[in-house]
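Structure file coords.txt (compact mmCIF, C-alpha atoms) follows.
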# COMPACT_ATOMS: atom_id res chain seq x y z
CA MET A 154 -45.27 -7.77 -17.40
CA ARG A 155 -42.27 -9.60 -18.74
CA ARG A 156 -41.23 -6.49 -20.59
CA ILE A 157 -41.04 -4.56 -17.31
CA PHE A 158 -38.89 -7.14 -15.52
CA GLY A 159 -36.64 -7.61 -18.52
CA SER A 160 -35.98 -3.94 -19.10
CA LYS A 161 -32.59 -2.49 -18.32
CA ILE A 162 -34.00 0.37 -16.31
CA PHE A 163 -35.68 -2.14 -14.00
CA ILE A 164 -32.51 -4.17 -13.47
CA ILE A 165 -30.48 -1.05 -12.78
CA SER A 166 -32.99 0.32 -10.29
CA VAL A 167 -33.08 -3.01 -8.44
CA VAL A 168 -29.27 -3.15 -8.26
CA ILE A 169 -29.08 0.43 -7.00
CA ILE A 170 -31.70 -0.19 -4.32
CA LEU A 171 -29.83 -3.32 -3.20
CA LEU A 172 -26.55 -1.38 -3.09
CA LEU A 173 -28.14 1.39 -1.02
CA LEU A 174 -29.45 -1.20 1.43
CA LEU A 175 -26.04 -2.87 1.54
CA ALA A 176 -24.34 0.46 2.23
CA ALA A 177 -26.84 1.27 4.97
CA PHE A 178 -26.41 -2.08 6.70
CA THR A 179 -22.62 -2.26 6.44
CA ALA A 180 -21.99 1.33 7.57
CA PRO A 181 -21.68 0.41 11.30
CA GLU A 182 -18.20 -0.95 11.89
CA ASP A 183 -19.30 -4.08 13.72
CA SER A 184 -22.16 -4.92 11.35
CA LYS A 185 -22.86 -8.62 10.91
CA LEU A 186 -23.37 -8.18 7.18
CA GLY A 187 -19.73 -7.15 6.96
CA ALA A 188 -18.91 -10.85 6.77
CA VAL A 189 -19.54 -10.48 3.01
CA ARG A 190 -16.07 -8.96 2.81
CA ASN A 191 -14.54 -12.37 3.54
CA ILE A 192 -15.35 -13.35 -0.06
CA LEU A 193 -12.50 -11.10 -1.12
CA THR A 194 -10.27 -10.79 1.93
CA ALA A 195 -9.95 -14.47 2.83
CA PRO A 196 -8.49 -15.72 -0.47
CA LEU A 197 -6.47 -12.53 -0.90
CA SER A 198 -4.69 -12.53 2.46
CA PRO A 199 -2.12 -15.33 1.88
CA LEU A 200 -1.21 -13.80 -1.50
CA GLN A 201 -0.87 -10.33 0.01
CA LYS A 202 1.30 -11.78 2.76
CA GLY A 203 3.51 -13.49 0.18
CA ILE A 204 3.94 -10.36 -1.91
CA GLU A 205 4.66 -8.26 1.16
CA THR A 206 7.34 -10.70 2.36
CA VAL A 207 9.04 -10.73 -1.05
CA SER A 208 8.95 -6.95 -1.34
CA ASP A 209 10.37 -6.57 2.17
CA LYS A 210 13.24 -8.86 1.18
CA ILE A 211 13.91 -6.79 -1.93
CA LYS A 212 13.78 -3.55 0.05
CA ASP A 213 16.16 -5.00 2.63
CA SER A 214 18.74 -6.09 0.07
CA VAL A 215 18.60 -2.72 -1.70
CA ASN A 216 19.06 -0.93 1.60
CA PHE A 217 21.89 -3.27 2.57
CA PHE A 218 24.30 -1.70 0.09
CA ARG A 219 23.15 1.79 0.88
CA GLU A 220 23.50 1.37 4.60
CA ILE A 221 26.83 -0.42 4.66
CA ARG A 222 28.64 2.89 4.22
CA THR A 223 27.13 4.55 7.23
CA ALA A 224 27.21 1.40 9.33
CA ARG A 225 30.66 1.85 10.90
CA GLU A 226 30.03 5.35 12.23
CA GLU A 227 26.62 4.34 13.43
CA ASN A 228 28.10 1.32 15.15
CA GLN A 229 30.47 3.40 17.24
CA GLU A 230 27.75 5.85 18.14
CA LEU A 231 25.44 3.05 19.14
CA LYS A 232 28.08 1.41 21.31
CA LYS A 233 28.47 4.63 23.26
CA LYS A 234 24.74 4.89 23.56
CA ILE A 235 24.44 1.33 24.83
CA GLU A 236 26.92 2.05 27.61
CA GLN A 237 24.87 5.02 28.68
CA MET A 238 21.66 3.10 28.46
CA GLU A 239 22.94 0.21 30.49
CA GLN A 240 23.61 2.55 33.33
CA GLU A 241 20.15 4.03 32.97
CA LEU A 242 18.66 0.57 32.81
CA GLU A 243 20.07 -0.30 36.21
CA LYS A 244 18.30 2.72 37.57
CA VAL A 245 15.07 1.75 35.81
CA TYR A 246 15.17 -1.76 37.27
CA ARG A 247 15.51 -0.30 40.71
CA LEU A 248 12.65 2.11 40.09
CA GLU A 249 10.47 -0.59 38.62
CA LYS A 250 10.92 -2.74 41.67
CA GLU A 251 10.15 0.21 43.88
CA ASN A 252 7.13 1.11 41.76
CA GLU A 253 5.80 -2.43 41.94
CA ASP A 254 6.12 -2.48 45.71
CA LEU A 255 4.40 0.86 46.05
CA ARG A 256 1.61 -0.16 43.70
CA LYS A 257 1.05 -3.25 45.76
CA ILE A 258 0.75 -1.17 48.88
CA LEU A 259 -1.78 1.10 47.21
CA SER A 260 -3.47 -1.83 45.41
CA PHE A 261 -3.34 0.08 42.10
CA LYS A 262 -5.05 -1.42 39.08
CA GLU A 263 -2.50 -2.55 36.52
CA GLN A 264 -2.57 -1.06 33.01
CA PHE A 265 -1.99 -3.28 29.99
CA THR A 266 -3.30 -6.40 31.59
CA GLN A 267 -4.88 -7.28 28.28
CA GLU A 268 -3.47 -9.86 25.98
CA THR A 269 -1.60 -8.58 22.95
CA VAL A 270 -1.00 -10.06 19.53
CA GLY A 271 1.75 -9.17 17.07
CA CYS A 272 0.69 -8.58 13.45
CA ASN A 273 2.30 -7.91 10.09
CA ILE A 274 1.00 -5.26 7.75
CA ILE A 275 0.11 -6.97 4.50
CA ALA A 276 -1.48 -4.14 2.51
CA LYS A 277 -1.51 -0.36 2.64
CA ASP A 278 -4.61 1.73 1.94
CA SER A 279 -5.86 1.01 -1.52
CA GLY A 280 -7.74 4.27 -1.94
CA ASN A 281 -6.18 7.69 -1.62
CA LEU A 282 -8.70 9.34 0.67
CA PHE A 283 -8.02 7.31 3.81
CA GLU A 284 -5.07 6.31 5.98
CA THR A 285 -5.85 2.68 6.61
CA PHE A 286 -3.91 -0.56 6.30
CA THR A 287 -4.56 -4.29 6.49
CA ILE A 288 -3.00 -6.60 9.08
CA ASP A 289 -2.73 -10.37 8.88
CA ARG A 290 -4.86 -11.24 11.92
CA GLY A 291 -8.62 -11.28 12.13
CA SER A 292 -11.57 -12.43 14.19
CA ARG A 293 -10.10 -15.95 14.22
CA ASP A 294 -7.21 -14.60 16.32
CA GLY A 295 -9.54 -12.87 18.75
CA ILE A 296 -9.27 -9.35 17.36
CA SER A 297 -12.36 -7.17 17.61
CA VAL A 298 -13.46 -3.76 16.38
CA ASN A 299 -11.97 -0.77 18.26
CA ASP A 300 -8.99 -2.66 19.67
CA PRO A 301 -6.07 -0.24 20.03
CA VAL A 302 -3.06 -0.79 17.77
CA ILE A 303 0.45 0.20 18.89
CA ASN A 304 4.05 -0.50 18.03
CA ALA A 305 7.34 -0.13 19.91
CA ASN A 306 7.31 3.66 19.47
CA GLY A 307 3.74 4.53 20.33
CA LEU A 308 0.12 4.64 19.25
CA VAL A 309 -0.69 3.60 15.67
CA GLY A 310 -4.48 3.59 15.58
CA ARG A 311 -7.45 1.32 16.12
CA VAL A 312 -9.04 -1.68 14.45
CA ALA A 313 -11.95 -0.53 12.30
CA ARG A 314 -13.14 -3.67 10.52
CA VAL A 315 -12.51 -7.30 11.35
CA ASP A 316 -12.67 -10.10 8.80
CA LEU A 317 -11.90 -13.75 9.34
CA PHE A 318 -8.18 -13.66 8.56
CA THR A 319 -7.43 -9.96 8.23
CA SER A 320 -8.39 -6.65 9.83
CA LYS A 321 -8.40 -3.03 8.74
CA VAL A 322 -6.62 -0.54 10.97
CA VAL A 323 -7.40 3.19 10.85
CA SER A 324 -4.30 5.15 11.80
CA ILE A 325 -4.42 8.24 14.00
CA ILE A 326 -3.56 10.48 11.04
CA ASP A 327 -6.75 9.48 9.17
CA THR A 328 -9.11 12.42 8.73
CA GLU A 329 -11.91 10.69 10.60
CA SER A 330 -9.79 9.66 13.58
CA SER A 331 -9.92 11.46 16.91
CA VAL A 332 -8.15 10.49 20.11
CA SER A 333 -8.62 11.84 23.60
CA ALA A 334 -5.09 12.85 24.57
CA ARG A 335 -3.15 14.48 27.39
CA LEU A 336 -0.07 16.70 27.40
CA SER A 337 2.52 14.68 29.30
CA ARG A 338 4.11 17.67 31.04
CA THR A 339 1.11 19.78 32.06
CA ARG A 340 -1.47 16.92 32.25
CA ASP A 341 -4.02 18.95 30.27
CA LEU A 342 -6.69 17.18 28.25
CA VAL A 343 -6.74 17.82 24.51
CA ILE A 344 -8.11 16.18 21.39
CA LEU A 345 -5.92 14.76 18.67
CA ARG A 346 -7.38 14.64 15.18
CA GLY A 347 -6.34 13.62 11.71
CA ASP A 348 -6.26 16.47 9.23
CA ALA A 349 -6.75 16.45 5.45
CA GLN A 350 -3.65 18.55 4.75
CA LEU A 351 -1.36 17.16 7.46
CA ARG A 352 -2.05 13.50 6.80
CA LEU A 353 -0.14 13.66 3.51
CA GLU A 354 2.98 14.55 5.55
CA GLY A 355 2.24 11.95 8.25
CA LEU A 356 1.28 14.53 10.89
CA CYS A 357 -1.88 15.26 12.88
CA ARG A 358 -3.34 18.19 14.80
CA LEU A 359 -4.14 18.87 18.43
CA ASP A 360 -7.36 20.81 19.00
CA TYR A 361 -8.92 22.71 21.87
CA ILE A 362 -5.78 23.72 23.73
CA PRO A 363 -7.11 26.22 26.30
CA PRO A 364 -5.37 29.64 26.32
CA ASP A 365 -4.12 29.30 29.88
CA VAL A 366 -2.13 26.16 29.21
CA GLU A 367 1.59 26.56 28.94
CA VAL A 368 2.27 24.49 25.90
CA SER A 369 5.56 24.56 24.05
CA VAL A 370 7.20 22.96 21.07
CA GLY A 371 8.72 19.61 21.99
CA ASP A 372 6.04 18.69 24.53
CA LYS A 373 5.08 15.04 24.47
CA VAL A 374 1.48 13.93 23.95
CA GLU A 375 0.04 10.67 25.30
CA THR A 376 -3.35 8.97 25.43
CA SER A 377 -5.54 10.17 28.28
CA GLY A 378 -7.46 6.99 29.05
CA MET A 379 -10.63 9.12 29.25
CA SER A 380 -12.32 7.30 26.40
CA SER A 381 -12.76 3.59 26.77
CA LEU A 382 -10.97 3.08 23.46
CA TYR A 383 -7.29 3.53 24.25
CA PRO A 384 -5.52 2.57 27.49
CA LYS A 385 -3.93 5.40 29.42
CA GLY A 386 -0.36 6.58 28.89
CA ILE A 387 0.50 5.36 25.39
CA ILE A 388 2.90 7.81 23.76
CA ILE A 389 1.40 9.50 20.70
CA GLY A 390 4.03 12.01 19.62
CA GLU A 391 5.59 15.40 20.02
CA ILE A 392 4.34 18.92 19.35
CA ILE A 393 6.25 20.60 16.53
CA GLN A 394 4.24 23.77 15.95
CA ILE A 395 1.68 25.84 17.86
CA THR A 396 -0.79 28.25 16.25
CA LYS A 397 -3.43 30.53 17.76
CA ASN A 398 -6.85 30.05 16.22
CA GLU A 399 -7.92 33.20 14.43
CA GLY A 400 -10.66 35.10 16.23
CA GLN A 401 -10.75 32.61 19.06
CA PHE A 402 -9.10 32.21 22.40
CA ASP A 403 -7.77 28.70 22.12
CA TYR A 404 -4.79 27.26 20.28
CA HIS A 405 -4.16 24.34 18.04
CA ALA A 406 -0.89 22.51 17.51
CA ILE A 407 0.69 20.18 14.98
CA VAL A 408 1.86 16.86 16.35
CA LYS A 409 4.50 14.60 14.85
CA PRO A 410 3.51 11.05 15.78
CA ALA A 411 6.16 8.87 17.44
CA VAL A 412 5.29 6.23 14.86
CA ASP A 413 6.65 6.62 11.34
CA PHE A 414 3.62 5.68 9.26
CA ARG A 415 5.55 5.49 6.02
CA ARG A 416 7.88 2.77 7.34
CA LEU A 417 5.47 0.75 9.41
CA GLU A 418 5.83 -3.01 9.03
CA GLU A 419 4.80 -4.70 12.27
CA VAL A 420 2.27 -3.64 14.88
CA VAL A 421 0.80 -4.99 18.11
CA VAL A 422 -2.92 -5.18 18.76
CA ILE A 423 -4.11 -4.97 22.36
CA LYS A 424 -7.12 -7.25 22.70
CA VAL A 425 -9.39 -5.00 24.74
CA GLY A 426 -12.59 -6.04 23.00
CA ALA A 427 -12.11 -9.74 23.66
CA GLU A 428 -12.22 -9.07 27.39
CA GLN A 429 -15.05 -6.56 27.42
CA GLY A 430 -17.18 -8.32 24.85
CA GLU A 431 -17.66 -11.73 26.42
CA MET B 131 -19.70 -19.45 -20.44
CA ARG B 132 -18.52 -21.07 -17.24
CA LYS B 133 -14.90 -20.62 -18.21
CA LYS B 134 -15.55 -17.01 -19.15
CA ILE B 135 -16.98 -16.28 -15.71
CA LEU B 136 -14.02 -18.01 -14.09
CA ILE B 137 -11.56 -15.90 -16.08
CA LEU B 138 -13.42 -12.69 -15.19
CA VAL B 139 -13.54 -13.61 -11.48
CA LEU B 140 -9.81 -14.34 -11.51
CA PHE B 141 -9.27 -11.04 -13.30
CA ILE B 142 -11.16 -9.17 -10.56
CA TYR B 143 -9.21 -10.94 -7.79
CA GLY B 144 -5.92 -10.27 -9.56
CA THR B 145 -6.67 -6.56 -9.94
CA CYS B 146 -7.65 -6.31 -6.27
CA LEU B 147 -4.42 -8.03 -5.28
CA LEU B 148 -2.31 -5.66 -7.39
CA GLN B 149 -4.23 -2.64 -6.11
CA SER B 150 -3.60 -3.54 -2.47
CA THR B 151 0.06 -4.57 -2.77
CA VAL B 152 2.21 -3.79 -5.78
CA LEU B 153 0.75 -0.37 -6.52
CA GLU B 154 2.25 0.84 -3.26
CA PHE B 155 5.60 1.01 -5.06
CA ILE B 156 4.45 3.34 -7.79
CA GLU B 157 2.83 5.85 -5.48
CA ILE B 158 3.72 9.46 -6.24
CA TYR B 159 3.38 11.86 -3.30
CA GLY B 160 1.19 9.34 -1.52
CA VAL B 161 -1.25 9.07 -4.43
CA ARG B 162 -1.66 5.74 -6.13
CA PRO B 163 -3.67 5.04 -9.29
CA ASN B 164 -6.97 3.23 -9.03
CA LEU B 165 -6.40 0.14 -11.16
CA LEU B 166 -9.89 -1.24 -10.51
CA LEU B 167 -11.47 1.90 -11.89
CA VAL B 168 -9.28 1.88 -14.98
CA ALA B 169 -10.10 -1.80 -15.57
CA ALA B 170 -13.84 -1.15 -15.19
CA ILE B 171 -13.86 1.77 -17.62
CA SER B 172 -11.76 -0.23 -20.10
CA ALA B 173 -14.31 -3.05 -19.98
CA ALA B 174 -17.10 -0.51 -20.48
CA LEU B 175 -15.45 0.74 -23.66
CA ILE B 176 -15.36 -2.78 -25.12
CA ARG B 177 -18.44 -4.71 -23.99
CA ASN B 178 -22.18 -4.16 -24.15
CA ASP B 179 -24.03 -2.15 -21.52
CA MET B 180 -25.30 -4.81 -19.08
CA GLU B 181 -22.13 -6.90 -19.09
CA SER B 182 -19.87 -3.93 -18.42
CA ALA B 183 -22.28 -2.55 -15.82
CA PHE B 184 -21.97 -5.76 -13.80
CA MET B 185 -18.22 -5.94 -14.35
CA GLY B 186 -18.10 -2.41 -12.95
CA LEU B 187 -20.34 -3.40 -10.06
CA PHE B 188 -18.07 -6.25 -8.96
CA LEU B 189 -14.87 -4.26 -9.39
CA GLY B 190 -16.50 -1.43 -7.43
CA LEU B 191 -17.51 -3.76 -4.61
CA GLY B 192 -13.91 -5.01 -4.59
CA MET B 193 -12.74 -1.43 -4.17
CA ASP B 194 -15.27 -0.96 -1.36
CA ILE B 195 -13.88 -3.98 0.46
CA LEU B 196 -10.27 -2.88 -0.03
CA VAL B 197 -11.01 0.61 1.25
CA GLY B 198 -12.81 -0.87 4.24
CA ARG B 199 -15.75 1.49 4.70
CA ALA B 200 -19.45 0.89 4.07
CA LEU B 201 -19.92 -1.46 1.12
CA GLY B 202 -21.74 -0.24 -1.94
CA TRP B 203 -20.76 3.35 -2.75
CA TYR B 204 -17.89 2.56 -5.10
CA GLY B 205 -19.97 -0.35 -6.38
CA MET B 206 -22.80 1.99 -7.32
CA ALA B 207 -20.53 4.62 -8.83
CA PHE B 208 -18.65 2.09 -10.99
CA PHE B 209 -21.93 0.39 -11.97
CA LEU B 210 -23.52 3.60 -13.24
CA ALA B 211 -20.37 4.94 -14.91
CA CYS B 212 -19.78 1.68 -16.77
CA PHE B 213 -23.40 1.46 -17.89
CA LEU B 214 -23.41 5.00 -19.24
CA ILE B 215 -20.08 4.62 -21.06
CA ALA B 216 -21.10 1.28 -22.54
CA LEU B 217 -24.30 2.89 -23.87
CA ILE B 218 -22.31 5.24 -26.09
CA ASN B 219 -19.35 3.00 -26.88
CA PRO B 220 -20.64 1.81 -30.30
CA LYS B 221 -20.36 5.42 -31.48
CA LEU B 222 -16.69 5.71 -30.43
CA TYR B 223 -13.59 5.09 -32.47
CA ARG B 224 -11.91 2.74 -30.01
CA GLU B 225 -8.59 2.41 -31.79
CA ASN B 226 -7.75 5.97 -30.84
CA PRO B 227 -5.65 5.84 -27.62
CA LEU B 228 -7.15 9.16 -26.52
CA VAL B 229 -10.58 7.59 -26.10
CA PRO B 230 -9.69 5.41 -23.05
CA VAL B 231 -7.45 8.19 -21.68
CA PHE B 232 -10.26 10.72 -21.86
CA PHE B 233 -12.96 8.47 -20.44
CA VAL B 234 -10.76 7.22 -17.58
CA PHE B 235 -9.79 10.78 -16.65
CA VAL B 236 -13.33 12.11 -16.66
CA SER B 237 -14.86 9.13 -14.87
CA THR B 238 -12.15 9.12 -12.16
CA LEU B 239 -12.90 12.77 -11.50
CA ALA B 240 -16.64 12.07 -11.39
CA ILE B 241 -16.49 8.86 -9.32
CA GLU B 242 -14.00 10.10 -6.73
CA THR B 243 -15.88 13.38 -6.35
CA LEU B 244 -19.14 11.47 -5.87
CA TYR B 245 -17.51 9.14 -3.34
CA TYR B 246 -15.95 12.09 -1.52
CA THR B 247 -19.30 13.86 -1.40
CA ILE B 248 -21.01 10.82 0.07
CA THR B 249 -18.38 9.88 2.67
CA PHE B 250 -17.07 13.27 3.77
CA PHE B 251 -18.97 16.21 2.39
CA LEU B 252 -22.35 15.17 3.73
CA LYS B 253 -20.80 14.94 7.19
CA GLY B 254 -19.94 18.64 7.01
CA TYR B 255 -16.28 18.10 6.30
CA ASP B 256 -15.00 21.09 4.35
CA TYR B 257 -11.59 20.28 2.91
CA PHE B 258 -13.01 19.50 -0.49
CA VAL B 259 -10.91 21.99 -2.47
CA PHE B 260 -7.68 20.81 -0.85
CA ASP B 261 -8.45 17.14 -1.34
CA PHE B 262 -9.64 17.78 -4.89
CA VAL B 263 -6.37 19.47 -5.84
CA HIS B 264 -4.05 17.18 -3.87
CA VAL B 265 -5.73 13.78 -4.14
CA ILE B 266 -8.53 13.50 -6.70
CA LEU B 267 -6.92 15.47 -9.54
CA PRO B 268 -3.49 13.74 -9.32
CA GLU B 269 -5.22 10.38 -9.11
CA SER B 270 -7.23 11.15 -12.24
CA LEU B 271 -4.08 12.15 -14.12
CA TYR B 272 -2.27 9.04 -12.91
CA ASN B 273 -5.21 6.85 -13.94
CA ALA B 274 -5.25 8.52 -17.35
CA VAL B 275 -1.58 7.61 -17.82
CA LEU B 276 -2.37 3.98 -17.04
CA ALA B 277 -5.55 3.99 -19.14
CA TYR B 278 -4.17 2.97 -22.51
CA PRO B 279 -1.94 0.02 -21.41
CA VAL B 280 -4.69 -1.36 -19.17
CA PHE B 281 -7.23 -0.87 -21.96
CA ARG B 282 -5.04 -2.88 -24.35
CA LEU B 283 -4.66 -5.62 -21.74
CA VAL B 284 -8.38 -5.81 -21.03
CA SER B 285 -9.29 -5.83 -24.74
CA TYR B 286 -6.74 -8.62 -25.30
CA MET B 287 -8.38 -10.62 -22.50
CA TYR B 288 -11.85 -10.18 -24.00
CA LYS B 289 -10.57 -11.05 -27.46
CA ARG B 290 -9.22 -14.35 -26.14
CA ILE B 291 -12.49 -15.07 -24.31
CA ASP B 292 -14.51 -14.36 -27.48
CA LYS B 293 -12.22 -16.54 -29.59
CA TYR B 294 -12.65 -19.40 -27.14
CA ASP B 295 -16.44 -19.00 -27.13
CA TYR B 296 -16.51 -18.85 -30.93
CA ASN B 297 -14.41 -22.01 -31.32
CA ARG B 298 -16.60 -23.91 -28.91
CA THR B 299 -19.95 -22.93 -30.42
CA ARG B 300 -18.86 -23.24 -34.07
CA LEU B 301 -20.08 -26.81 -34.39
As structure tokens, the full file:
Amino acid sequence: MRRIFGSKIFIISVVIILLLLLAAFTAPEDSKLGAVRNILTAPLSPLQKGIETVSDKIKDSVNFFREIRTAREENQELKKKIEQMEQELEKVYRLEKENEDLRKILSFKEQFTQETVGCNIIAKDSGNLFETFTIDRGSRDGISVNDPVINANGLVGRVARVDLFTSKVVSIIDTESSVSARLSRTRDLVILRGDAQLRLEGLCRLDYIPPDVEVSVGDKVETSGMSSLYPKGIIIGEIIQITKNEGQFDYHAIVKPAVDFRRLEEVVVIKVGAEQGE
Amino acid sequence: MRKKILILVLFIYGTCLLQSTVLEFIEIYGVRPNLLLVAAISAALIRNDMESAFMGLFLGLGMDILVGRALGWYGMAFFLACFLIALINPKLYRENPLVPVFFVFVSTLAIETLYYTITFFLKGYDYFVFDFVHVILPESLYNAVLAYPVFRLVSYMYKRIDKYDYNRTRL
């Protein structure tokens, strides 16, 4: 009997069975057993944060010398732009006021009523097959699975796993991501997916564009609000190429996200789950 | 023994930390080497079968946590690969730098293909050839480049651990 339990084959089989069980139980994104991950992520997060801060500083000082040459020209350009924008801003204020009044009359439900939390990215995807990154807020800060993640430019992705101090975000260019989207101009519903080939260039694809839709390069894409995941009207990106599917009626397009995933440093998480959950 | 475990645990944490932060800067075309895998295979070339199998298991679970999907697939792949390599390592001439390079290259190909098959292929996702050429193969080559320096580092670590154990138990 002792020989059986002591044998290597026995130990290996037991470990493999345990691993299979572990994989099965941790496969759902909100699995309770996922708390095991805190063993690694909790002590690692302050160190990752430290390294990320130092490397940002180094990057900044390297870029400082590079950018100082172009700074003057850019400065003048920007000044002109600011003048223009100030004028536009006046108009926007007026419209906003008007919009608010009209919404009140119609008793429209406000979008983005949820609380938001700003986060720093402390680690990029460690494997090569996925487009995920780690942010420095976790369940302790009220983040939950499937919360949408945005930044100033547009949609970044959603929270996929939550640990105590950190969370994993899957970006919209990940191959397993799909977002219910809408063409801003024509209001048609489409589906935005990550693609194995396009993700390496930071792009994603738009599927199921019906043949009767007038879609053109440069059209903006935004979230539709049809799925409960993402709030309506978040900018996703811009169409840069349209292709007809071979042997089929519909089209697909390549979308350049408004967010530059290679230079992402800070993001904002909208705490949808915290409101729905409790 | 206790100190040895502590050193190995710190080693695993340190590798995970490097993998998730510093390796970002040596990415080539969006592909970064898998330091945890290289470390696991290096350990498998030096130690006996059960010890390296468990070293592989914990490094693999670390990789699973870093990647952020279901836990266990990398763990299992590393565990088996390390066990098999450690079974034949007494027959190898370890001083030859080509030995770690070869084993790291082959096991990266095998492990990443297995992982890909489990996470994507079984879901009916058919970009295998593209991902193999653009992700798995470059990663294997990159790992192979790192194999010898990491192997030297890991063998140095084990040498120090053994020396410490020997000095303590000599009396």
request  = Name all residues at most 8 Å from segment 410-417 of chain A (count only C-alpha atoms; drop same-chain ones fewer than 3 positions away) and give them as a ChimeraX atom specification.
outcome  = /A:274,304,306-309,355-357,388-391,420
message = If the cut-off is 6 Å, can you tell me the residues of chain B near chain A, counting all atoms listed in the file? I'd like them as a ChimeraX atom specification.
response = /B:150-151,161,195,197,200-202
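Among the candidates A:Lys250, A:Lys409, A:Lys212, A:Lys257, the residue lying nearest to Gly371 of chain A is A:Lys409 (atoms considered: all atoms listed in the file).
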request  = Within 8 Å of segment 185-191 of chain B, counting only C-alpha atoms, which residues show up once you throw out same-chain ones fewer than 4 positions away? Write them as a ChimeraX atom specification, please.
outcome  = /B:142,166-167,170-171,173-174,181,195,201-209,211-212
Expected axis-aligned box over every listed atom of segment 368-377 of chain A, 6 Å added per side, centre plus edges in Å to one decimal, as lines of an AutoDock Vina configuration file:
center_x = 1.6
center_y = 16.8
center_z = 24.7
size_x = 26.3
size_y = 27.6
size_z = 19.2
request  = Show which residues sit within 8 Å of Thr269 of chain A, as an NGL selection string. Count only C-alpha atoms, and ignore same-chain residues fewer than 6 positions away.
outcome  = :A and (421-424)
message = Calculated over all atoms listed in the file, which of the candidates B:Ser172, B:Ser270, B:Thr145, B:Asn164 has the smallest distance to Tyr286 of chain B?
response = B:Ser172
remark   = Taken to one decimal, the atom CA of Leu351 of chain A-atom CA of Ile326 of chain A distance is 7.9 Å
query = Which of these residues is nearest to Thr376 of chain A, using only C-alpha atoms: A:Gly310, A:Val215, A:Ala305, A:Arg222?
reply =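 Among the listed residues, the smallest separation from Thr376 of chain A belongs to A:Gly310.
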task = Between B:Ala169, B:Leu267, B:Val139, B:Val152, single out the one closest to Val280 of chain B, counting all atoms listed in the file.
result =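 That would be B:Ala169, the residue with the smallest distance to Val280 of chain B.
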Student task, segment 360-372 of chain A output with N, CA and C atoms as a short mmCIF file (atom, residue, chain, number, x, y, z; two decimals), in the first residue's frame:
data_model
loop_
_atom_site.label_atom_id
_atom_site.label_comp_id
_atom_site.auth_asym_id
_atom_site.auth_seq_id
_atom_site.Cartn_x
_atom_site.Cartn_y
_atom_site.Cartn_z
N ASP A 360 -18.00 43.31 -37.30
CA ASP A 360 -18.64 42.24 -38.06
C ASP A 360 -20.11 42.53 -38.30
N TYR A 361 -20.67 41.74 -39.21
CA TYR A 361 -22.11 41.78 -39.49
C TYR A 361 -22.61 43.16 -39.89
N ILE A 362 -21.92 43.82 -40.79
CA ILE A 362 -22.47 45.07 -41.32
C ILE A 362 -23.40 44.68 -42.47
N PRO A 363 -24.71 44.92 -42.34
CA PRO A 363 -25.64 44.52 -43.39
C PRO A 363 -25.34 45.25 -44.70
N PRO A 364 -25.66 44.60 -45.86
CA PRO A 364 -25.29 45.18 -47.15
C PRO A 364 -25.99 46.51 -47.45
N ASP A 365 -27.12 46.76 -46.84
CA ASP A 365 -27.84 47.98 -47.18
C ASP A 365 -27.39 49.20 -46.38
N VAL A 366 -26.43 49.00 -45.50
CA VAL A 366 -25.98 50.12 -44.69
C VAL A 366 -24.92 50.92 -45.45
N GLU A 367 -25.11 52.22 -45.44
CA GLU A 367 -24.12 53.07 -46.10
C GLU A 367 -22.99 53.37 -45.12
N VAL A 368 -21.97 52.54 -45.19
CA VAL A 368 -20.87 52.74 -44.26
C VAL A 368 -19.67 53.25 -45.05
N SER A 369 -18.92 54.17 -44.48
CA SER A 369 -17.77 54.67 -45.21
C SER A 369 -16.58 54.84 -44.26
N VAL A 370 -15.42 54.91 -44.88
CA VAL A 370 -14.19 55.07 -44.09
C VAL A 370 -14.25 56.40 -43.35
N GLY A 371 -13.89 56.38 -42.08
CA GLY A 371 -13.92 57.60 -41.28
C GLY A 371 -15.14 57.67 -40.38
N ASP A 372 -16.10 56.75 -40.57
CA ASP A 372 -17.27 56.73 -39.69
C ASP A 372 -16.86 56.39 -38.27
#
